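Written below as structure tokens is the structure these notes are about.
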Amino acid sequence: MSLTLLGLSLYSGVGMAQQPGVAGQIGEKLDNLGRGLVRGAQDVTETVRQRFEVVRTDVSRMGVHPRVYSRIHWDKTLQGSRIEVHMLRDGVVLLRGTVPDAAAKARAIELARDTFDVTGVVDELETVVPTPSPTTTTHTRTSVTVPS
């Protein structure tokens, strides 16, 4: 009889292992959620990698002149500057024009110098302080009638 009880207890233990309780079900759902998150992160990573490759290829196709021009043109600190970008030879860039201050001049040179395939920068930028617009004085005439 004890052998039969031992067999039944082993059989019922196997049955319980096959039918998980609430904790087992929660654990399984968490495992599935974790696998889903990992799969999603891998998909996002792959998508970002593919988009980066497209951008890198596009930039590689773009010549040095458009790259330098774009960097200078879209830099917000250079608003109000009038800068021409000219390609000389062997990756040397000539910057010519006017900028409002020394910081803008330094920024334009830095952007050009740090552009891929630029080997040198010739600086012909001038710092021009914008002249203040003439002040317009408005005269207002007020009429007062004084009773006599």
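Numbering starts fresh at 1 for the residues of each chain in the structure tokens, the chains themselves are lettered A, B, ... in the order given, and ligands are numbered from 1 as they appear.
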
Would you mind writing down, as a count of residues only, each residue of stretch 15-103 of chain A that DSSP on the backbone assigns to helix (DSSP H, G or I)? 59

10 Å contact set for A:Ala102, only C-alpha atoms, chain neighbours under 2 positions out, as a ChimeraX atom specification: /A:99-100,104-108,125-128

Can I get the selection written as a tab-separated table (two decimals), in the first residue's frame, with C-alpha atoms?
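What landed in again.tsv:
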chain	number	residue	atom	x	y	z
A	99	VAL	CA	29.36	87.88	-40.14
A	100	PRO	CA	28.00	89.94	-37.23
A	104	ALA	CA	29.98	83.82	-35.69
A	105	LYS	CA	33.21	83.95	-37.67
A	106	ALA	CA	34.80	81.29	-35.45
A	107	ARG	CA	31.67	79.11	-35.73
A	108	ALA	CA	31.62	79.28	-39.55
A	125	LEU	CA	35.16	86.57	-43.63
A	126	GLU	CA	34.70	90.10	-42.38
A	127	THR	CA	33.10	91.06	-39.12
A	128	VAL	CA	30.59	93.81	-39.78

Where in stretch 68-138 of chain A does DSSP assign strand (DSSP E), given as a VMD selection string? chain A and resid 82 to 87 92 to 99 120 to 127

Selected residues written out, C-alpha atoms, as a tab-separated table (two decimals), in the first residue's frame:
chain	number	residue	atom	x	y	z
A	82	ARG	CA	26.18	86.36	-45.55
A	83	ILE	CA	28.68	83.62	-46.28
A	84	GLU	CA	29.76	82.29	-49.66
A	85	VAL	CA	31.37	78.86	-49.82
A	86	HIS	CA	33.87	78.20	-52.60
A	87	MET	CA	35.84	75.02	-53.23
A	92	VAL	CA	40.33	73.36	-49.31
A	93	VAL	CA	37.29	75.59	-48.71
A	94	LEU	CA	37.21	79.38	-49.10
A	95	LEU	CA	34.76	81.26	-46.88
A	96	ARG	CA	33.96	84.79	-48.03
A	97	GLY	CA	31.36	87.22	-46.74
A	98	THR	CA	30.23	89.03	-43.64
A	99	VAL	CA	29.36	87.88	-40.14
A	120	GLY	CA	41.76	73.30	-45.02
A	121	VAL	CA	39.84	76.57	-44.73
A	122	VAL	CA	40.78	79.94	-46.21
A	123	ASP	CA	39.11	82.65	-44.16
A	124	GLU	CA	38.01	85.79	-46.00
A	125	LEU	CA	35.16	86.57	-43.63
A	126	GLU	CA	34.70	90.10	-42.38
A	127	THR	CA	33.10	91.06	-39.12

To one decimal in Å, tell me the separation between atom CA of A:Val54 and atom CA of A:Arg35. 28.8 Å

If we count only C-alpha atoms and set the cut-off at 12 Å, which residues sit around A:Asp75, ignoring sequence neighbours fewer than 2 positions away in its own chain? Please answer as a PyMOL selection string. chain A and resi 68-73+77-81+83+104+107-108+110-112

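We find atom CA of A:Gly91 and atom CA of A:Glu53 to be spaced 24.0 Å apart.
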
Quick one: pull the distance between atom CA of A:Gln50 and atom CA of A:Met62, Å, one decimal. 18.6 Å
